[in-house]
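Working notes for the structure below.
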Amino acid sequence: DTPPQSARDYLSGHTAGVLATTNKSGTPQQTLIGYRYDGHDVAISTRRATLKAKNLSVRPDASLAIIDGRNQLIVHGKVTTVRDPEHVLSLHRERGLLADRQTDTAGFAQMLRDEDRVVLLLTPSSFFTSSWKRFC
């Protein structure tokens, strides 16, 4: 299902949120992240060794909270981890991930490899607003 335009606009109009994953013990783990939404999925750049990346490689369900004052949007969905270096570079370029660190293609690609970066793609399955109205 496609969420209403207002939910897509809110998600597109922001670039930071709190990502919730599940630890091995079943406890929640939350992380402040930067993201980019393309109308289909949410792209998050991170290092492969982070707890969120490890959690999602085993348990791909996630929740993302985007909060702006009293307004909020909660997104639930499944995450796919992109590990292929060429695809990781392509997603960083297309989505503007780490835009403040992008340099020439070769230098940027090397930095992504040196930092062992992956891209987490959160595909939304449901959206909730601050009034807890479920969009889809």
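Every chain in the structure tokens has a letter given in the order shown (A, B, ...), and although residue numbers restart at 1 in each chain, ligands are simply numbered from 1 in the order shown.
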Who sits within 8 Å of stretch 47-53 of chain A, only C-alpha atoms, same chain under 5 positions skipped, as a PyMOL selection string = chain A and resi 21+29+31+81+115-118+120
Backbone DSSP call of alpha helix (DSSP H) for stretch 25-67 of chain A, listed as a JSON list (two decimals) with N, CA and C atoms, in the first residue's frame:
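Result saved to out-v6.json:
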[["chain", "number", "residue", "atom", "x", "y", "z"],
["A", 51, "LEU", "N", 25.99, -1.91, 15.94],
["A", 51, "LEU", "CA", 24.99, -2.80, 16.53],
["A", 51, "LEU", "C", 23.72, -2.83, 15.69],
["A", 52, "LYS", "N", 23.30, -1.68, 15.16],
["A", 52, "LYS", "CA", 22.07, -1.66, 14.35],
["A", 52, "LYS", "C", 22.23, -2.53, 13.11],
["A", 53, "ALA", "N", 23.38, -2.46, 12.45],
["A", 53, "ALA", "CA", 23.61, -3.28, 11.25],
["A", 53, "ALA", "C", 23.65, -4.76, 11.61],
["A", 54, "LYS", "N", 24.30, -5.09, 12.71],
["A", 54, "LYS", "CA", 24.35, -6.49, 13.15],
["A", 54, "LYS", "C", 22.96, -7.00, 13.50],
["A", 55, "ASN", "N", 22.20, -6.20, 14.28],
["A", 55, "ASN", "CA", 20.84, -6.60, 14.64],
["A", 55, "ASN", "C", 19.99, -6.85, 13.40],
["A", 56, "LEU", "N", 20.05, -5.93, 12.43],
["A", 56, "LEU", "CA", 19.20, -6.02, 11.25],
["A", 56, "LEU", "C", 19.60, -7.14, 10.30],
["A", 57, "SER", "N", 20.86, -7.56, 10.36],
["A", 57, "SER", "CA", 21.27, -8.67, 9.49],
["A", 57, "SER", "C", 20.65, -9.98, 9.95],
["A", 58, "VAL", "N", 20.25, -10.06, 11.22],
["A", 58, "VAL", "CA", 19.63, -11.26, 11.78],
["A", 58, "VAL", "C", 18.12, -11.09, 11.95]]
One decimal, Å: what's the distance from atom CA of A:Val119 over to atom CA of A:Gly26, could you say?
->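 Answer for the atom CA of A:Val119 to atom CA of A:Gly26 separation: 23.3 Å.
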Interatomic distance between atom CA of A:Phe108 and atom CA of A:Tyr35?
-> 18.2 Å
Find the residue from A:Ile66, A:Leu112, A:Ala16, A:Leu73 that sits nearest to A:Ser90; use only C-alpha atoms when measuring.
->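 Looking at the shortest contact to A:Ser90, the residue is A:Leu112.
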Using only C-alpha atoms, which of the listed residues (A:Pro85, A:Thr105, A:Arg95, A:Phe128) sits closest to A:Gly34?
->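 Ranking A:Pro85, A:Thr105, A:Arg95, A:Phe128 by distance to A:Gly34, first place goes to A:Arg95.
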Rounded to one decimal in Å, what is the spacing between atom CA of A:Val18 and atom CA of A:Lys78?
->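 It comes out at 15.3 Å.
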